[in-house]
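Below is query-v4.cif, holding mmCIF, C-alpha atoms.
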data_coords
loop_
_atom_site.label_atom_id
_atom_site.label_comp_id
_atom_site.auth_asym_id
_atom_site.auth_seq_id
_atom_site.Cartn_x
_atom_site.Cartn_y
_atom_site.Cartn_z
CA MET Y 23 -24.87 -7.54 -30.70
CA THR Y 24 -25.87 -3.98 -29.69
CA ALA Y 25 -23.56 -1.92 -27.54
CA THR Y 26 -25.91 -2.17 -24.56
CA ALA Y 27 -26.30 -5.94 -24.85
CA GLN Y 28 -22.55 -6.30 -25.01
CA GLU Y 29 -22.13 -4.06 -21.97
CA THR Y 30 -24.66 -6.15 -20.03
CA GLU Y 31 -22.76 -9.31 -20.85
CA LEU Y 32 -19.43 -7.77 -19.84
CA LEU Y 33 -20.93 -6.58 -16.57
CA ALA Y 34 -22.32 -10.06 -15.90
CA ASP Y 35 -18.86 -11.56 -16.49
CA PHE Y 36 -17.30 -9.00 -14.18
CA GLU Y 37 -19.81 -9.73 -11.43
CA GLN Y 38 -19.39 -13.48 -11.81
CA THR Y 39 -15.63 -13.08 -11.39
CA LEU Y 40 -16.23 -11.16 -8.15
CA ALA Y 41 -18.79 -13.73 -6.96
CA ARG Y 42 -16.21 -16.50 -7.43
CA HIS Y 43 -13.79 -14.38 -5.34
CA ASP Y 44 -11.48 -14.36 -8.34
CA ARG Y 45 -9.36 -11.30 -8.92
CA ILE Y 46 -9.94 -8.67 -11.58
CA GLU Y 47 -6.77 -8.17 -13.63
CA PRO Y 48 -5.60 -5.08 -15.54
CA ARG Y 49 -6.76 -5.98 -19.05
CA ASP Y 50 -10.18 -7.23 -17.92
CA TRP Y 51 -13.27 -5.20 -18.68
CA MET Y 52 -14.46 -3.32 -15.58
CA PRO Y 53 -17.16 -0.75 -14.86
CA GLU Y 54 -15.84 2.78 -15.10
CA ARG Y 55 -16.88 3.54 -11.51
CA TYR Y 56 -14.96 0.52 -10.23
CA ARG Y 57 -11.88 1.78 -12.06
CA LYS Y 58 -12.32 5.32 -10.74
CA THR Y 59 -12.86 4.16 -7.17
CA LEU Y 60 -9.68 2.09 -7.35
CA VAL Y 61 -7.64 4.92 -8.85
CA ARG Y 62 -8.83 7.24 -6.09
CA GLN Y 63 -8.12 4.75 -3.30
CA ILE Y 64 -4.78 3.42 -4.58
CA ALA Y 65 -3.51 6.91 -5.44
CA GLN Y 66 -4.46 8.19 -2.01
CA HIS Y 67 -2.70 5.22 -0.49
CA ALA Y 68 0.44 5.78 -2.61
CA HIS Y 69 0.52 9.49 -1.82
CA SER Y 70 0.21 8.65 1.90
CA GLU Y 71 3.34 6.53 1.74
CA ILE Y 72 5.26 9.30 -0.01
CA ILE Y 73 4.07 12.15 2.24
CA GLY Y 74 4.41 9.75 5.19
CA MET Y 75 8.19 9.84 4.80
CA GLN Y 76 8.28 13.42 6.08
CA PRO Y 77 7.19 13.28 9.74
CA GLU Y 78 9.77 10.62 10.59
CA GLY Y 79 12.35 11.56 7.98
CA ALA Y 80 12.87 14.78 9.89
CA TRP Y 81 14.35 12.71 12.75
CA ILE Y 82 16.94 10.79 10.70
CA THR Y 83 19.74 13.29 11.27
CA ARG Y 84 18.88 13.55 14.97
CA ALA Y 85 18.38 9.88 15.84
CA PRO Y 86 20.14 9.23 19.16
CA SER Y 87 22.38 6.37 17.99
CA LEU Y 88 23.74 4.82 14.83
CA ARG Y 89 21.47 1.81 15.43
CA ARG Y 90 18.36 3.99 15.59
CA LYS Y 91 19.50 5.99 12.59
CA ALA Y 92 20.03 2.87 10.46
CA ILE Y 93 16.58 1.55 11.47
CA LEU Y 94 14.87 4.85 10.71
CA LEU Y 95 16.61 5.15 7.34
CA ALA Y 96 15.48 1.63 6.41
CA LYS Y 97 11.95 2.42 7.51
CA VAL Y 98 11.68 5.64 5.55
CA GLN Y 99 13.18 3.90 2.50
CA ASP Y 100 10.44 1.26 2.87
CA GLU Y 101 7.79 4.00 2.78
CA ALA Y 102 9.22 5.20 -0.53
CA GLY Y 103 9.17 1.61 -1.79
CA HIS Y 104 5.56 1.16 -0.70
CA GLY Y 105 4.62 4.33 -2.55
CA LEU Y 106 6.27 2.95 -5.69
CA TYR Y 107 4.51 -0.46 -5.47
CA LEU Y 108 1.21 1.37 -5.19
CA TYR Y 109 1.87 3.85 -7.98
CA SER Y 110 2.70 0.87 -10.22
CA ALA Y 111 -0.56 -0.84 -9.25
CA CYS Y 112 -2.47 2.38 -9.94
CA GLU Y 113 -0.85 2.79 -13.35
CA THR Y 114 -2.24 -0.58 -14.46
CA LEU Y 115 -5.63 1.19 -14.39
CA GLY Y 116 -4.60 3.52 -17.19
CA VAL Y 117 -3.33 6.60 -15.35
CA SER Y 118 0.26 7.75 -15.73
CA ARG Y 119 2.76 8.34 -12.95
CA GLN Y 120 3.09 11.92 -14.10
CA GLN Y 121 -0.67 12.47 -13.79
CA LEU Y 122 -0.68 11.06 -10.27
CA THR Y 123 2.26 13.24 -9.24
CA GLU Y 124 0.60 16.31 -10.71
CA LEU Y 125 -2.71 15.57 -8.97
CA LEU Y 126 -0.94 15.25 -5.62
CA LEU Y 127 1.10 18.42 -6.11
CA ALA Y 128 -2.03 20.32 -7.19
CA GLY Y 129 -3.83 19.13 -4.06
CA LYS Y 130 -6.45 17.33 -6.17
CA GLN Y 131 -5.82 13.90 -4.66
CA LYS Y 132 -5.58 13.35 -0.93
CA TYR Y 133 -3.30 11.46 1.43
CA SER Y 134 -3.92 10.11 4.92
CA SER Y 135 -4.93 12.75 7.48
CA ILE Y 136 -2.42 11.38 10.01
CA PHE Y 137 0.61 12.83 8.24
CA ASN Y 138 -0.64 16.36 8.80
CA TYR Y 139 0.26 16.12 12.48
CA PRO Y 140 3.68 17.34 13.67
CA THR Y 141 6.45 15.22 15.20
CA PRO Y 142 8.09 17.57 17.71
CA SER Y 143 9.41 14.78 19.95
CA TYR Y 144 11.73 11.87 19.20
CA ALA Y 145 9.22 9.63 21.01
CA ASP Y 146 6.90 10.35 18.07
CA VAL Y 147 9.09 8.08 15.92
CA GLY Y 148 8.18 5.21 18.25
CA THR Y 149 4.53 6.21 18.54
CA ILE Y 150 4.14 6.41 14.78
CA GLY Y 151 5.58 2.92 14.42
CA TRP Y 152 3.35 1.53 17.15
CA LEU Y 153 0.03 3.34 16.63
CA VAL Y 154 0.10 4.75 13.11
CA ASP Y 155 1.69 1.72 11.47
CA GLY Y 156 -0.41 -0.50 13.74
CA ALA Y 157 -3.56 1.18 12.43
CA ALA Y 158 -2.20 0.93 8.88
CA ILE Y 159 -1.67 -2.82 9.33
CA CYS Y 160 -5.30 -3.20 10.52
CA ASN Y 161 -6.41 -1.40 7.37
CA GLN Y 162 -4.04 -3.16 5.01
CA VAL Y 163 -4.17 -6.83 5.98
CA PRO Y 164 -7.75 -7.24 4.65
CA LEU Y 165 -6.70 -5.35 1.49
CA CYS Y 166 -4.36 -8.24 0.60
CA ARG Y 167 -7.64 -9.96 -0.47
CA THR Y 168 -8.99 -6.98 -2.38
CA SER Y 169 -10.66 -7.79 -5.69
CA TYR Y 170 -8.18 -5.95 -7.91
CA GLY Y 171 -5.12 -8.19 -8.47
CA PRO Y 172 -2.29 -5.63 -8.69
CA TYR Y 173 -3.55 -3.77 -5.59
CA GLY Y 174 -3.76 -6.99 -3.56
CA ARG Y 175 -0.27 -8.06 -4.63
CA ALA Y 176 1.18 -4.66 -3.67
CA MET Y 177 -0.53 -4.93 -0.29
CA ILE Y 178 0.97 -8.36 0.36
CA ARG Y 179 4.47 -6.97 -0.15
CA ILE Y 180 3.67 -3.95 2.01
CA CYS Y 181 2.18 -5.94 4.87
CA LYS Y 182 5.28 -8.14 5.07
CA GLU Y 183 7.40 -5.05 5.62
CA GLU Y 184 4.96 -3.14 7.80
CA SER Y 185 5.43 -5.56 10.68
CA PHE Y 186 9.05 -4.41 11.03
CA HIS Y 187 7.78 -0.83 11.22
CA GLN Y 188 5.41 -1.52 14.05
CA ARG Y 189 7.85 -3.63 16.06
CA GLN Y 190 10.73 -1.16 15.81
CA GLY Y 191 8.39 1.58 17.07
CA TYR Y 192 7.15 -0.46 19.99
CA GLU Y 193 10.68 -1.50 20.91
CA LEU Y 194 11.80 2.13 20.79
CA LEU Y 195 8.99 3.08 23.20
CA MET Y 196 9.79 0.14 25.49
CA THR Y 197 13.39 1.30 25.66
CA MET Y 198 12.30 4.82 26.57
CA MET Y 199 9.84 3.51 29.17
CA GLY Y 200 12.76 1.70 30.80
CA GLY Y 201 14.69 4.99 31.00
CA THR Y 202 14.25 8.11 33.11
CA ASP Y 203 11.02 9.72 34.34
CA GLU Y 204 11.57 12.40 31.75
CA GLN Y 205 11.75 9.80 28.96
CA ARG Y 206 8.60 8.06 30.21
CA ALA Y 207 6.84 11.43 30.23
CA MET Y 208 7.94 11.98 26.62
CA VAL Y 209 6.34 8.68 25.60
CA GLN Y 210 3.08 9.45 27.40
CA GLU Y 211 2.93 12.96 25.90
CA SER Y 212 3.46 11.55 22.42
CA VAL Y 213 0.79 8.85 22.87
CA ASP Y 214 -1.63 11.53 24.13
CA ARG Y 215 -1.16 13.46 20.88
CA PHE Y 216 -1.31 10.52 18.49
CA TRP Y 217 -4.08 8.35 19.96
CA TRP Y 218 -7.10 10.19 18.57
CA PRO Y 219 -5.59 10.98 15.16
CA SER Y 220 -4.72 7.26 14.88
CA LEU Y 221 -8.37 6.33 15.43
CA MET Y 222 -9.34 8.83 12.74
CA MET Y 223 -7.11 7.02 10.22
CA PHE Y 224 -9.95 4.54 9.66
CA GLY Y 225 -12.07 7.34 8.22
CA PRO Y 226 -15.47 8.70 9.23
CA PRO Y 227 -18.04 6.53 11.04
CA ASP Y 228 -19.88 4.06 8.79
CA ALA Y 229 -23.04 6.15 8.77
CA GLN Y 230 -21.10 9.01 7.18
CA SER Y 231 -18.97 6.97 4.81
CA PRO Y 232 -20.75 7.19 1.46
CA ASN Y 233 -18.34 4.98 -0.51
CA THR Y 234 -18.13 2.02 1.86
CA ALA Y 235 -21.19 0.02 0.72
CA GLN Y 236 -20.27 0.13 -2.97
CA SER Y 237 -16.58 -0.59 -2.27
CA MET Y 238 -17.56 -3.64 -0.21
CA ALA Y 239 -19.96 -4.87 -2.90
CA TRP Y 240 -17.06 -4.70 -5.36
CA GLY Y 241 -14.72 -6.48 -2.96
CA ILE Y 242 -12.35 -3.50 -2.90
CA LYS Y 243 -12.88 -3.04 0.83
CA ARG Y 244 -13.43 -6.05 3.04
CA ASP Y 245 -14.41 -4.40 6.35
CA THR Y 246 -16.15 -1.16 7.32
CA ASN Y 247 -14.33 1.77 8.95
CA ASP Y 248 -15.96 1.15 12.33
CA GLU Y 249 -15.17 -2.58 12.28
CA LEU Y 250 -11.50 -1.85 11.62
CA ARG Y 251 -11.40 0.89 14.26
CA GLN Y 252 -12.82 -1.51 16.86
CA LYS Y 253 -10.29 -4.16 15.89
CA PHE Y 254 -7.46 -1.66 16.29
CA VAL Y 255 -8.64 -0.57 19.75
CA ASP Y 256 -8.99 -4.20 20.88
CA MET Y 257 -5.47 -4.97 19.65
CA THR Y 258 -3.88 -1.86 21.11
CA VAL Y 259 -5.21 -1.69 24.67
CA PRO Y 260 -3.21 -4.70 25.94
CA GLN Y 261 -0.12 -3.35 24.16
CA ALA Y 262 -0.55 -0.02 25.99
CA ASP Y 263 -0.84 -1.91 29.30
CA ALA Y 264 2.34 -3.86 28.58
CA LEU Y 265 4.11 -0.62 27.73
CA GLY Y 266 2.83 1.15 30.84
CA VAL Y 267 1.19 4.10 29.10
CA THR Y 268 -2.35 5.42 29.51
CA LEU Y 269 -4.51 5.85 26.42
CA PRO Y 270 -6.13 9.30 26.73
CA ASP Y 271 -9.76 8.20 26.68
CA PRO Y 272 -11.76 8.09 29.95
CA ALA Y 273 -14.51 6.11 28.19
CA LEU Y 274 -12.14 3.25 27.34
CA ALA Y 275 -13.40 0.09 29.13
CA TRP Y 276 -13.80 -3.61 28.45
CA ASN Y 277 -17.37 -4.52 27.57
CA GLU Y 278 -17.94 -8.11 28.63
CA GLU Y 279 -21.23 -8.37 26.78
CA ARG Y 280 -19.86 -7.22 23.42
CA GLY Y 281 -16.50 -8.90 23.89
CA HIS Y 282 -14.86 -5.65 22.80
CA TYR Y 283 -13.51 -2.46 24.32
CA ASP Y 284 -15.87 0.51 24.46
CA PHE Y 285 -14.22 3.77 23.56
CA GLY Y 286 -15.02 7.46 23.15
CA GLU Y 287 -16.00 9.29 19.99
CA PRO Y 288 -13.14 10.89 18.06
CA ASP Y 289 -13.57 14.56 17.18
CA TRP Y 290 -14.97 14.17 13.67
CA ASP Y 291 -14.91 17.92 13.07
CA GLU Y 292 -11.15 17.76 13.53
CA LEU Y 293 -10.91 14.98 10.93
CA THR Y 294 -13.01 17.01 8.48
CA ALA Y 295 -10.78 20.04 9.04
CA VAL Y 296 -7.54 18.07 8.55
CA ILE Y 297 -8.85 16.35 5.41
CA SER Y 298 -9.94 19.66 3.91
CA GLY Y 299 -6.50 21.16 4.37
CA ASP Y 300 -6.68 22.81 7.79
CA GLY Y 301 -4.56 20.37 9.80
CA PRO Y 302 -1.48 21.53 11.68
CA CYS Y 303 0.99 20.59 8.91
CA ASN Y 304 -0.96 20.36 5.61
CA ALA Y 305 0.72 23.40 4.08
CA GLN Y 306 4.16 22.37 5.29
CA ARG Y 307 3.85 18.81 3.92
CA MET Y 308 2.72 19.99 0.49
CA ALA Y 309 5.35 22.73 0.30
CA HIS Y 310 8.06 20.19 1.16
CA ARG Y 311 6.79 17.74 -1.45
CA ARG Y 312 6.66 20.42 -4.17
CA ARG Y 313 10.14 21.61 -3.26
CA ALA Y 314 11.52 18.06 -3.39
CA HIS Y 315 9.88 17.55 -6.79
CA ASP Y 316 11.32 20.79 -8.18
CA ASP Y 317 14.75 20.20 -6.65
CA GLY Y 318 14.84 16.78 -8.30
CA ALA Y 319 14.00 18.11 -11.77
CA TRP Y 320 17.63 18.45 -12.90
CA VAL Y 321 18.32 14.84 -11.91
CA ARG Y 322 15.38 13.57 -13.97
CA GLU Y 323 16.38 15.74 -16.91
CA ALA Y 324 20.04 14.69 -16.74
CA ALA Y 325 19.12 10.99 -16.60
CA THR Y 326 16.78 11.42 -19.58
CA ALA Y 327 19.48 13.20 -21.58
CA TYR Y 328 22.06 10.56 -20.66
CA ALA Y 329 19.70 7.76 -21.76
CA ALA Y 330 18.90 9.59 -25.01
CA GLY Y 331 22.62 9.79 -25.78
CA GLY Y 332 23.01 6.04 -25.52
CA GLY Y 333 24.16 6.12 -21.92
CA ASP Y 334 27.83 5.47 -22.61
CA ARG Y 335 29.55 8.87 -22.65
CA MET W 24 7.52 20.75 -13.95
CA THR W 25 8.51 18.28 -16.69
CA ASP W 26 5.71 17.49 -19.12
CA VAL W 27 3.93 14.17 -19.49
CA LYS W 28 5.80 13.24 -22.67
CA ALA W 29 9.09 13.30 -20.77
CA GLU W 30 7.96 10.43 -18.53
CA TRP W 31 10.50 7.64 -18.29
CA PRO W 32 9.44 4.35 -19.89
CA LEU W 33 7.83 1.63 -17.81
CA TYR W 34 9.76 -1.58 -17.09
CA GLU W 35 8.47 -4.89 -15.78
CA VAL W 36 10.61 -6.52 -13.11
CA PHE W 37 11.23 -10.26 -12.68
CA VAL W 38 13.12 -11.69 -9.72
CA ARG W 39 14.66 -15.15 -9.19
CA GLY W 40 14.00 -15.77 -5.51
CA LYS W 41 16.76 -18.33 -5.14
CA ARG W 42 18.77 -20.74 -7.24
CA GLY W 43 16.57 -23.43 -8.72
CA LEU W 44 13.49 -21.21 -9.16
CA ASN W 45 12.17 -19.34 -12.18
CA HIS W 46 12.24 -15.58 -12.41
CA VAL W 47 8.81 -14.35 -11.30
CA HIS W 48 7.11 -11.06 -12.13
CA VAL W 49 7.12 -8.81 -9.05
CA GLY W 50 5.96 -5.44 -10.37
CA SER W 51 7.02 -2.52 -12.49
CA LEU W 52 8.91 0.77 -12.32
CA HIS W 53 9.95 3.74 -14.42
CA ALA W 54 13.55 4.32 -15.45
CA ALA W 55 15.42 6.39 -18.02
CA ASP W 56 17.32 3.38 -19.37
CA ASP W 57 18.00 -0.33 -18.82
CA ALA W 58 20.86 0.17 -16.38
CA MET W 59 18.81 2.50 -14.21
CA ALA W 60 15.87 0.10 -14.34
CA LEU W 61 18.07 -2.66 -12.96
CA ARG W 62 19.43 -0.46 -10.20
CA HIS W 63 15.97 0.79 -9.22
CA ALA W 64 14.62 -2.76 -9.31
CA ARG W 65 17.23 -3.75 -6.76
CA ASP W 66 16.25 -0.88 -4.45
CA VAL W 67 12.49 -1.23 -4.87
CA TYR W 68 12.02 -5.01 -5.02
CA THR W 69 14.97 -6.65 -3.22
CA ARG W 70 15.60 -4.74 0.00
CA ARG W 71 15.41 -7.93 2.07
CA ASN W 72 17.26 -10.61 0.12
CA GLU W 73 14.21 -11.37 -2.01
CA GLY W 74 16.33 -12.43 -4.95
CA VAL W 75 19.58 -13.63 -6.45
CA SER W 76 18.93 -12.37 -9.98
CA ILE W 77 16.80 -9.66 -11.59
CA TRP W 78 15.46 -9.26 -15.13
CA VAL W 79 13.99 -5.98 -16.36
CA VAL W 80 12.21 -5.56 -19.67
CA ARG W 81 10.45 -2.57 -21.23
CA SER W 82 6.70 -3.08 -20.77
CA ASP W 83 6.05 -2.09 -24.39
CA ALA W 84 8.24 -5.02 -25.53
CA ILE W 85 5.82 -7.56 -24.06
CA THR W 86 3.19 -9.21 -26.26
CA ALA W 87 0.22 -10.44 -24.25
CA SER W 88 -2.76 -12.67 -24.94
CA SER W 89 -6.24 -11.26 -24.54
CA PRO W 90 -7.51 -11.60 -20.97
CA ASP W 91 -10.98 -12.66 -22.06
CA GLU W 92 -11.69 -16.13 -20.71
CA LYS W 93 -13.69 -17.05 -23.77
CA ASP W 94 -10.74 -16.20 -25.96
CA PRO W 95 -10.33 -18.93 -28.57
CA LEU W 96 -6.61 -18.98 -27.73
CA PHE W 97 -7.21 -21.34 -24.82
CA ALA W 98 -10.14 -23.22 -26.30
CA PRO W 99 -8.13 -26.08 -27.92
CA SER W 100 -6.88 -27.31 -24.54
CA GLY W 101 -10.36 -27.33 -22.99
CA ASP W 102 -11.62 -30.51 -24.75
CA LYS W 103 -8.41 -32.56 -24.59
CA VAL W 104 -8.94 -34.32 -21.31
CA TYR W 105 -6.81 -37.24 -22.55
CA ARG W 106 -3.77 -35.00 -21.94
CA HIS W 107 -4.22 -35.48 -18.20
CA PRO W 108 -3.10 -38.62 -16.33
CA THR W 109 -6.45 -38.93 -14.51
CA PHE W 110 -8.14 -39.68 -17.88
CA TYR W 111 -6.76 -43.23 -17.77
CA GLU W 112 -8.29 -45.91 -15.55
CA ILE W 113 -5.67 -48.22 -14.03
CA PRO W 114 -6.59 -50.88 -11.44
CA ASP W 115 -5.66 -49.86 -7.87
CA ASP W 116 -3.42 -52.89 -7.33
CA VAL W 117 -1.00 -51.97 -10.12
CA PRO W 118 2.01 -50.50 -8.29
CA HIS W 119 4.05 -47.37 -9.07
CA MET W 120 1.47 -45.84 -11.45
#

Can the structure in the file be given as structure tokens, please?
Amino acid sequence: MTATAQETELLADFEQTLARHDRIEPRDWMPERYRKTLVRQIAQHAHSEIIGMQPEGAWITRAPSLRRKAILLAKVQDEAGHGLYLYSACETLGVSRQQLTELLLAGKQKYSSIFNYPTPSYADVGTIGWLVDGAAICNQVPLCRTSYGPYGRAMIRICKEESFHQRQGYELLMTMMGGTDEQRAMVQESVDRFWWPSLMMFGPPDAQSPNTAQSMAWGIKRDTNDELRQKFVDMTVPQADALGVTLPDPALAWNEERGHYDFGEPDWDELTAVISGDGPCNAQRMAHRRRAHDDGAWVREAATAYAAGGGDR
Amino acid sequence: MTDVKAEWPLYEVFVRGKRGLNHVHVGSLHAADDAMALRHARDVYTRRNEGVSIWVVRSDAITASSPDEKDPLFAPSGDKVYRHPTFYEIPDDVPHM
């Protein structure tokens, strides 16, 4: 059989597996572009979990009670765990952990735009849980059925834990809304800052999302950016009402005909700027990550030396 | 930055969810040695009582079959339908079969 004929047969097998809604597993043949798309998406997802520890992690030492501190510690530890599940999934595609770390530190792979926004208020811990993790859940639940086995399995574990993240955030905000006028104002101010960036988490509008069609054909993505954004808005509006906060969008209104909420257009130029490195905290997040990596070097080296010596000195 | 060669080996992690169940593969992680792999496995894969026992094994110690469906490895079982109970016709009125 010629190389091309063999390739055609492999591709046909691959496509039949997808058509049966079976999963592709690590040692299966796959088109190089499928592999590259997955590496890009899973790595970006893993990096987001790791960088995503920073905005909330900053509040651990200043959480207002032991209860809140324990919750926040558990949540940030989960983010680290989610990053590790995803790095493992990504490594099954033939990239090494070291390569992924280097690509992140060199700024050659991206992470979610949302983590480039600051968290100046403690209410932001609640808002991140409610809106940011809420948006992440919208994105991630369909990914449990993604066509690449290890990615889907990582997402199942993550989604189970993500629900705790969203609920602790919402409960935190409810508690503050039951407090003083000043506390209620803190919640509203935080929601005002995070609402639009949360909508941007779903990525650019479908018309400007070049990878969506191919990713959907491959079963990597199951819904378009705009579909997920709409779903998130529909889910969130009643939650905002129950909380007693106003979402900062004058165009937000129920559309009886569509059976969905209408909402305004996010500032896509802002998203472009944040993705290309000009968000409020891009430099700070990367500097912190590089510092943490360098500061941890002696620990990695010591553990390696200890293991090399048989580990029993 | 440490170089690529210094990367810790990869371990596969298996967790017994509760007594009476098999250990099941849950994922992988990097560790400098076996003891660290076990400790990291606890932190990464059992933060919510997911298990009562953990196995870790170096990934390079695993021997795997080829994933190709048409692999002759599985072919012998394909044409042995008589290994399944449904191959045998038993009248409906025979009890406890």

Exercise for the section: For Pro227 in chain Y, please output as a list of chain:residue names all residues within 9 Å (counting only C-alpha atoms; exclusion window: fewer than 6 positions along the same chain). Expected result: Y:Thr246, Y:Asn247, Y:Asp248, Y:Trp290

Residues matched by the PyMOL selection byres ((chain Y) within 7 of (chain W)), written as a PDB file with C-alpha atoms, in the coordinates of the input:
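Result written to part.pdb:
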ATOM      1  CA  ARG Y  49      -6.760  -5.980 -19.050  1.00  0.00           C
ATOM      2  CA  ASP Y  50     -10.180  -7.230 -17.920  1.00  0.00           C
ATOM      3  CA  GLY Y 103       9.170   1.610  -1.790  1.00  0.00           C
ATOM      4  CA  SER Y 110       2.700   0.870 -10.220  1.00  0.00           C
ATOM      5  CA  GLN Y 120       3.090  11.920 -14.100  1.00  0.00           C
ATOM      6  CA  ASP Y 316      11.320  20.790  -8.180  1.00  0.00           C
ATOM      7  CA  ALA Y 325      19.120  10.990 -16.600  1.00  0.00           C
ATOM      8  CA  THR Y 326      16.780  11.420 -19.580  1.00  0.00           C
ATOM      9  CA  ALA Y 329      19.700   7.760 -21.760  1.00  0.00           C
TER      10      ALA Y 329
END

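Here CA of Glu37 in chain Y is placed at a distance of 13.0 Å from CA of Gln236 in chain Y.
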
Non-local contacts of Leu153 in chain Y (8 Å; all atoms listed in the file; under 5 positions in same chain excluded) as a PDB file with C-alpha atoms, in the frame of the given file:
ATOM      1  CA  GLN Y 188       5.410  -1.520  14.050  1.00  0.00           C
ATOM      2  CA  PHE Y 216      -1.310  10.520  18.490  1.00  0.00           C
ATOM      3  CA  TRP Y 217      -4.080   8.350  19.960  1.00  0.00           C
ATOM      4  CA  SER Y 220      -4.720   7.260  14.880  1.00  0.00           C
ATOM      5  CA  THR Y 258      -3.880  -1.860  21.110  1.00  0.00           C
TER       6      THR Y 258
END

Exercise for the section: Find the residues near Val255 in chain Y: any atom within 12 Å, counting only C-alpha atoms, skip ones fewer than 2 places away on the same chain, and give them as a PyMOL selection string. Expected result: chain Y and resi 153+156-157+160+217-218+220-222+224+248-253+257-262+269+271+274-276+282-286

Practice task
Expand the PyMOL selection byres ((chain Y and resi 69-75) around 8) into the individual residues it matches in the shown file, reporting them as a PyMOL selection string.
Solution key: chain Y and resi 65-68+76-79+98+101-102+104-105+126+132-134+137+307+311

Residues of the last selection are to be written out with C-alpha atoms, as a PDB file, in the frame of the given file.
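Printed below is again.pdb as written:
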ATOM      1  CA  ALA Y  65      -3.510   6.910  -5.440  1.00  0.00           C
ATOM      2  CA  GLN Y  66      -4.460   8.190  -2.010  1.00  0.00           C
ATOM      3  CA  HIS Y  67      -2.700   5.220  -0.490  1.00  0.00           C
ATOM      4  CA  ALA Y  68       0.440   5.780  -2.610  1.00  0.00           C
ATOM      5  CA  GLN Y  76       8.280  13.420   6.080  1.00  0.00           C
ATOM      6  CA  PRO Y  77       7.190  13.280   9.740  1.00  0.00           C
ATOM      7  CA  GLU Y  78       9.770  10.620  10.590  1.00  0.00           C
ATOM      8  CA  GLY Y  79      12.350  11.560   7.980  1.00  0.00           C
ATOM      9  CA  VAL Y  98      11.680   5.640   5.550  1.00  0.00           C
ATOM     10  CA  GLU Y 101       7.790   4.000   2.780  1.00  0.00           C
ATOM     11  CA  ALA Y 102       9.220   5.200  -0.530  1.00  0.00           C
ATOM     12  CA  HIS Y 104       5.560   1.160  -0.700  1.00  0.00           C
ATOM     13  CA  GLY Y 105       4.620   4.330  -2.550  1.00  0.00           C
ATOM     14  CA  LEU Y 126      -0.940  15.250  -5.620  1.00  0.00           C
ATOM     15  CA  LYS Y 132      -5.580  13.350  -0.930  1.00  0.00           C
ATOM     16  CA  TYR Y 133      -3.300  11.460   1.430  1.00  0.00           C
ATOM     17  CA  SER Y 134      -3.920  10.110   4.920  1.00  0.00           C
ATOM     18  CA  PHE Y 137       0.610  12.830   8.240  1.00  0.00           C
ATOM     19  CA  ARG Y 307       3.850  18.810   3.920  1.00  0.00           C
ATOM     20  CA  ARG Y 311       6.790  17.740  -1.450  1.00  0.00           C
TER      21      ARG Y 311
END

Problem - Contact residues around Val36 in chain W with all atoms listed in the file at 10 Å, ignoring same-chain residues under 4 positions, as a list of chain:residue names - result: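 What passes the distance filter is W:His46, W:Val47, W:His48, W:Val49, W:Gly50, W:Ser51, W:Leu52, W:Ala60, W:Leu61, W:His63, W:Ala64, W:Arg65, W:Val67, W:Tyr68, W:Ile77, W:Trp78, W:Val79, W:Val80, W:Arg81, W:Ser82.
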